[in-house]
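Read through the structure below, which is laid out as structure tokens, and then see the notes.
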Amino acid sequence: MRLFCTWVLLFLSIVGALVAQSDSFAMQRVLQRYTEAYGVGRDAYALSSMSIEGTQELGGQVYDFLLQKKRPNSIRYRLTHGEKSVVTAYDGIAGWTQSEENGRVTTRRLTLEERIALKQEAIFEGPLFRHQERRSNKVEMVGREQVEGREVYVFKTQEASGRRSLYYLDAREPHILKVERLGADDVVETTIMYRGYKEIEGYPFAFEVETRVGEEVVSLVKIDSISPNAGLLSYYFRMPK
């Protein structure tokens, strides 16, 4: 009996090691596929800028938007509705916002907290991209789940900035289907859903982005067009005088 129990324990330990090895291999494979989708056969940083246009629903109101990003960390976002417009931008150093309504223009500098948030949004690649080469962020695979009927790998990440998230990466396609931003005690503060992926010049982009706080949808973005490497000039992101 003791010999039998020893054999069972040995068998279970071998199975456990194989499962762990299988998960490690799956993690490497899916992360590599995700990285290759944005870098295979070309410089991994060949995507140097982008310009995105569409509509965004906020608080029951639909706005036209224009989002522009440029390496290494410049971003500009414009919302317009009728005679009203708001532009928010960050050039890598300074952040600012400018609103216009009925011909009246108001400009202010962003607070430190606002600049930090905008700087994070300006980053082109999330923590999963080239993780196996850089390892500048903490990434661990924590399970497998289903998101809207698709099997996903779930990765828990902690970026250099301290921001912690759960990334839900499609098991078959190099598509992030969901991101959950985590707060204290790993409580989910914000959920972002990515849908309707299309390839533009070989890069996969989600054409619908839904943001929830709890069960409430606070933003719904529908993209009309994406222009990779749009040739944006640096001064475009600087605060107007």
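Naming works like this for the structure tokens: A, B, ... for the chains as they're shown, residue 1 at the start of each chain, ligands 1 onward in shown order.
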Neighbours of A:Leu182 within 8 Å (only C-alpha atoms; same-chain residues fewer than 5 positions away dropped), as a list in words? Arg163, Arg164, Ser165, Leu166, Val187, Val188, Glu189 and Thr190 of chain A
Residues just named, written with all heavy atoms as an mmCIF file, in the first residue's frame:
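Output contents, as saved in selection_24.cif:
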data_model
loop_
_atom_site.group_PDB
_atom_site.id
_atom_site.type_symbol
_atom_site.label_atom_id
_atom_site.label_comp_id
_atom_site.auth_asym_id
_atom_site.auth_seq_id
_atom_site.Cartn_x
_atom_site.Cartn_y
_atom_site.Cartn_z
ATOM 1 N N ARG A 163 0.835 50.754 -12.381
ATOM 2 C CA ARG A 163 -0.525 50.401 -12.787
ATOM 3 C C ARG A 163 -0.657 48.890 -12.946
ATOM 4 O O ARG A 163 0.153 48.256 -13.603
ATOM 5 C CB ARG A 163 -0.902 51.101 -14.099
ATOM 6 C CG ARG A 163 -2.328 50.806 -14.538
ATOM 7 C CD ARG A 163 -2.805 51.711 -15.637
ATOM 8 N NE ARG A 163 -2.097 51.493 -16.892
ATOM 9 C CZ ARG A 163 -2.410 52.107 -18.042
ATOM 10 N NH1 ARG A 163 -3.412 52.974 -18.065
ATOM 11 N NH2 ARG A 163 -1.731 51.865 -19.130
ATOM 12 N N ARG A 164 -1.708 48.327 -12.360
ATOM 13 C CA ARG A 164 -1.932 46.893 -12.402
ATOM 14 C C ARG A 164 -3.209 46.597 -13.179
ATOM 15 O O ARG A 164 -4.204 47.309 -13.040
ATOM 16 C CB ARG A 164 -2.019 46.322 -10.979
ATOM 17 C CG ARG A 164 -0.696 46.410 -10.231
ATOM 18 C CD ARG A 164 -0.787 45.946 -8.794
ATOM 19 N NE ARG A 164 -1.704 46.793 -8.046
ATOM 20 C CZ ARG A 164 -2.869 46.393 -7.561
ATOM 21 N NH1 ARG A 164 -3.270 45.153 -7.759
ATOM 22 N NH2 ARG A 164 -3.639 47.223 -6.898
ATOM 23 N N SER A 165 -3.166 45.540 -13.985
ATOM 24 C CA SER A 165 -4.296 45.220 -14.862
ATOM 25 C C SER A 165 -4.391 43.728 -15.085
ATOM 26 O O SER A 165 -3.450 42.967 -14.818
ATOM 27 C CB SER A 165 -4.125 45.915 -16.222
ATOM 28 O OG SER A 165 -3.856 47.292 -16.100
ATOM 29 N N LEU A 166 -5.549 43.316 -15.587
ATOM 30 C CA LEU A 166 -5.743 41.968 -16.123
ATOM 31 C C LEU A 166 -5.996 42.106 -17.618
ATOM 32 O O LEU A 166 -6.892 42.848 -18.039
ATOM 33 C CB LEU A 166 -6.931 41.272 -15.454
ATOM 34 C CG LEU A 166 -6.765 40.882 -13.983
ATOM 35 C CD1 LEU A 166 -8.070 40.323 -13.434
ATOM 36 C CD2 LEU A 166 -5.642 39.865 -13.801
ATOM 37 N N VAL A 187 -9.244 45.089 -6.697
ATOM 38 C CA VAL A 187 -10.634 45.332 -7.076
ATOM 39 C C VAL A 187 -10.658 45.957 -8.473
ATOM 40 O O VAL A 187 -9.897 46.884 -8.769
ATOM 41 C CB VAL A 187 -11.323 46.273 -6.062
ATOM 42 C CG1 VAL A 187 -12.728 46.654 -6.538
ATOM 43 C CG2 VAL A 187 -11.396 45.609 -4.697
ATOM 44 N N VAL A 188 -11.533 45.450 -9.334
ATOM 45 C CA VAL A 188 -11.639 45.975 -10.696
ATOM 46 C C VAL A 188 -12.306 47.344 -10.661
ATOM 47 O O VAL A 188 -13.441 47.486 -10.204
ATOM 48 C CB VAL A 188 -12.441 45.016 -11.602
ATOM 49 C CG1 VAL A 188 -12.618 45.624 -12.989
ATOM 50 C CG2 VAL A 188 -11.750 43.657 -11.693
ATOM 51 N N GLU A 189 -11.584 48.355 -11.153
ATOM 52 C CA GLU A 189 -12.131 49.716 -11.175
ATOM 53 C C GLU A 189 -12.755 50.051 -12.525
ATOM 54 O O GLU A 189 -13.789 50.717 -12.588
ATOM 55 C CB GLU A 189 -11.017 50.720 -10.867
ATOM 56 C CG GLU A 189 -10.472 50.615 -9.443
ATOM 57 C CD GLU A 189 -9.448 51.685 -9.143
ATOM 58 O OE1 GLU A 189 -8.811 52.192 -10.111
ATOM 59 O OE2 GLU A 189 -9.280 52.021 -7.964
ATOM 60 N N THR A 190 -12.125 49.599 -13.600
ATOM 61 C CA THR A 190 -12.588 49.903 -14.951
ATOM 62 C C THR A 190 -12.413 48.683 -15.837
ATOM 63 O O THR A 190 -11.400 47.977 -15.739
ATOM 64 C CB THR A 190 -11.784 51.075 -15.557
ATOM 65 O OG1 THR A 190 -11.822 52.193 -14.662
ATOM 66 C CG2 THR A 190 -12.360 51.491 -16.908
#
Could you produce a table of the residues of stretch 116-235 of chain A lying within 10 Å of stretch 88-104 of chain A, with the nearest pair of atoms per residue and their separation in Å rounded to one decimal, using only C-alpha atoms, ordered by chain and increasing residue number, as a tab-separated table?
residue	atom	partner	partner_atom	distance
A:Ile116	CA	A:Gly95	CA	9.3
A:Leu118	CA	A:Tyr90	CA	6.8
A:Lys119	CA	A:Tyr90	CA	7.0
A:Glu121	CA	A:Tyr90	CA	9.9
A:Ala122	CA	A:Tyr90	CA	8.1
A:Ser234	CA	A:Asp91	CA	7.5
A:Tyr235	CA	A:Asp91	CA	8.3
Could you name the residues that touch A:Val142 at 8 Å or less, counting only C-alpha atoms, but leaving out those on the same chain fewer than 4 positions away, as a list in words?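 Here the qualifying residues turn out to be Tyr153, Val154, Phe155 and Lys156 of chain A.
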As a ChimeraX atom specification, please: every residue in stretch 78-241 of chain A that DSSP puts in helix (DSSP H, G or I). /A:112-122,131-134,184-186,234-237
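Compared by their closest atoms to A:Tyr236, and using only C-alpha atoms, the residues A:Tyr38, A:Phe207, A:Tyr77, A:Phe65 rank with A:Tyr77 nearest.
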Nearest-residue call for A:Ser219, choices A:Gly60, A:Pro127, A:Gly54, A:Pro240, using only C-alpha atoms: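 With only C-alpha atoms as the atom set, the closest residue is A:Gly60.
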Please extract the residues of stretch 183-220 of chain A with a backbone DSSP assignment of strand (DSSP E) and present them as a list in words. Val188, Glu189, Thr190, Thr191, Ile192, Met193, Tyr194, Arg195, Gly196, Tyr197, Lys198, Glu199, Ile200, Tyr203, Pro204, Phe205, Ala206, Phe207, Glu208, Val209, Glu210, Thr211, Arg212, Val213, Glu216, Val217, Val218, Ser219 and Leu220 of chain A
Take the residues from that selection and put them in a file with N, CA, C and O atoms, as a compact mmCIF listing (two decimals), in the first residue's frame.
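Below you can see again-v2.txt, which holds the result:
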# COMPACT_ATOMS: atom_id res chain seq x y z
N VAL A 188 -11.53 45.45 -9.33
CA VAL A 188 -11.64 45.97 -10.70
C VAL A 188 -12.31 47.34 -10.66
O VAL A 188 -13.44 47.49 -10.20
N GLU A 189 -11.58 48.35 -11.15
CA GLU A 189 -12.13 49.72 -11.17
C GLU A 189 -12.76 50.05 -12.53
O GLU A 189 -13.79 50.72 -12.59
N THR A 190 -12.13 49.60 -13.60
CA THR A 190 -12.59 49.90 -14.95
C THR A 190 -12.41 48.68 -15.84
O THR A 190 -11.40 47.98 -15.74
N THR A 191 -13.40 48.43 -16.68
CA THR A 191 -13.33 47.33 -17.65
C THR A 191 -13.41 47.90 -19.05
O THR A 191 -14.29 48.72 -19.35
N ILE A 192 -12.47 47.49 -19.91
CA ILE A 192 -12.44 47.97 -21.29
C ILE A 192 -12.58 46.78 -22.23
O ILE A 192 -11.80 45.83 -22.14
N MET A 193 -13.58 46.81 -23.09
CA MET A 193 -13.85 45.73 -24.04
C MET A 193 -13.42 46.18 -25.44
O MET A 193 -13.71 47.31 -25.86
N TYR A 194 -12.73 45.27 -26.16
CA TYR A 194 -12.25 45.57 -27.51
C TYR A 194 -12.92 44.60 -28.49
O TYR A 194 -12.83 43.38 -28.32
N ARG A 195 -13.56 45.15 -29.52
CA ARG A 195 -14.31 44.32 -30.46
C ARG A 195 -14.05 44.78 -31.91
O ARG A 195 -13.51 45.86 -32.14
N GLY A 196 -14.49 43.93 -32.84
CA GLY A 196 -14.47 44.31 -34.26
C GLY A 196 -13.09 44.54 -34.82
O GLY A 196 -12.85 45.54 -35.53
N TYR A 197 -12.17 43.63 -34.57
CA TYR A 197 -10.80 43.81 -35.07
C TYR A 197 -10.74 43.75 -36.59
O TYR A 197 -11.39 42.94 -37.23
N LYS A 198 -9.91 44.64 -37.15
CA LYS A 198 -9.59 44.64 -38.58
C LYS A 198 -8.10 44.91 -38.74
O LYS A 198 -7.47 45.54 -37.88
N GLU A 199 -7.56 44.42 -39.85
CA GLU A 199 -6.15 44.68 -40.13
C GLU A 199 -6.01 45.91 -41.01
O GLU A 199 -6.66 46.02 -42.06
N ILE A 200 -5.18 46.83 -40.56
CA ILE A 200 -4.87 48.03 -41.32
C ILE A 200 -3.36 48.04 -41.55
O ILE A 200 -2.57 48.11 -40.60
N TYR A 203 -1.50 45.66 -39.39
CA TYR A 203 -1.62 45.77 -37.94
C TYR A 203 -3.07 45.53 -37.52
O TYR A 203 -4.00 46.10 -38.12
N PRO A 204 -3.33 44.70 -36.50
CA PRO A 204 -4.70 44.50 -36.03
C PRO A 204 -5.15 45.62 -35.10
O PRO A 204 -4.45 45.98 -34.16
N PHE A 205 -6.32 46.19 -35.38
CA PHE A 205 -6.89 47.24 -34.55
C PHE A 205 -8.34 46.90 -34.21
O PHE A 205 -9.08 46.41 -35.07
N ALA A 206 -8.74 47.18 -32.97
CA ALA A 206 -10.15 47.04 -32.58
C ALA A 206 -10.90 48.28 -33.04
O ALA A 206 -10.45 49.40 -32.82
N PHE A 207 -12.07 48.09 -33.66
CA PHE A 207 -12.84 49.21 -34.18
C PHE A 207 -14.01 49.59 -33.28
O PHE A 207 -14.77 50.49 -33.60
N GLU A 208 -14.15 48.91 -32.15
CA GLU A 208 -15.15 49.30 -31.15
C GLU A 208 -14.54 49.09 -29.77
O GLU A 208 -13.99 48.02 -29.48
N VAL A 209 -14.62 50.12 -28.93
CA VAL A 209 -14.04 50.06 -27.58
C VAL A 209 -15.10 50.54 -26.60
O VAL A 209 -15.57 51.68 -26.68
N GLU A 210 -15.46 49.66 -25.68
CA GLU A 210 -16.47 49.97 -24.67
C GLU A 210 -15.81 50.02 -23.30
O GLU A 210 -15.07 49.12 -22.93
N THR A 211 -16.07 51.08 -22.54
CA THR A 211 -15.50 51.24 -21.21
C THR A 211 -16.62 51.23 -20.17
O THR A 211 -17.61 51.96 -20.31
N ARG A 212 -16.44 50.40 -19.15
CA ARG A 212 -17.44 50.28 -18.09
C ARG A 212 -16.82 50.59 -16.74
O ARG A 212 -15.66 50.27 -16.48
N VAL A 213 -17.62 51.17 -15.88
CA VAL A 213 -17.30 51.29 -14.46
C VAL A 213 -18.41 50.54 -13.73
O VAL A 213 -19.56 50.97 -13.76
N GLU A 216 -22.01 49.92 -15.46
CA GLU A 216 -22.41 51.07 -16.27
C GLU A 216 -21.42 51.31 -17.41
O GLU A 216 -20.21 51.38 -17.20
N VAL A 217 -21.95 51.44 -18.62
CA VAL A 217 -21.13 51.80 -19.78
C VAL A 217 -20.94 53.32 -19.76
O VAL A 217 -21.90 54.08 -19.90
N VAL A 218 -19.70 53.76 -19.57
CA VAL A 218 -19.43 55.20 -19.48
C VAL A 218 -18.90 55.76 -20.79
O VAL A 218 -18.88 56.99 -20.98
N SER A 219 -18.45 54.90 -21.70
CA SER A 219 -17.95 55.37 -22.99
C SER A 219 -18.07 54.26 -24.02
O SER A 219 -17.79 53.10 -23.73
N LEU A 220 -18.49 54.64 -25.22
CA LEU A 220 -18.54 53.70 -26.34
C LEU A 220 -17.92 54.38 -27.56
O LEU A 220 -18.45 55.36 -28.06
One number please: atom CA of A:Phe124 to atom CA of A:Ala37, in Å, one decimal. 13.9 Å
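Nearest to A:Arg109 of all the residues A:Ile123, A:Leu128, A:Val87, A:Ile176 is A:Val87, based on only C-alpha atoms.
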Atom pair atom CA of A:Asp170 / atom CA of A:Gln28: separation (Å):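 Atom CA of A:Gln28 lies 13.7 Å from atom CA of A:Asp170.
For the atom pair formed by atom CA of A:Glu125 and atom CA of A:Tyr34, the distance is 11.0 Å, given to one decimal.
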Residue among A:Leu233, A:Leu79, A:Ala160, A:Leu31 lying closest to A:Leu58, counting only C-alpha atoms: A:Leu79
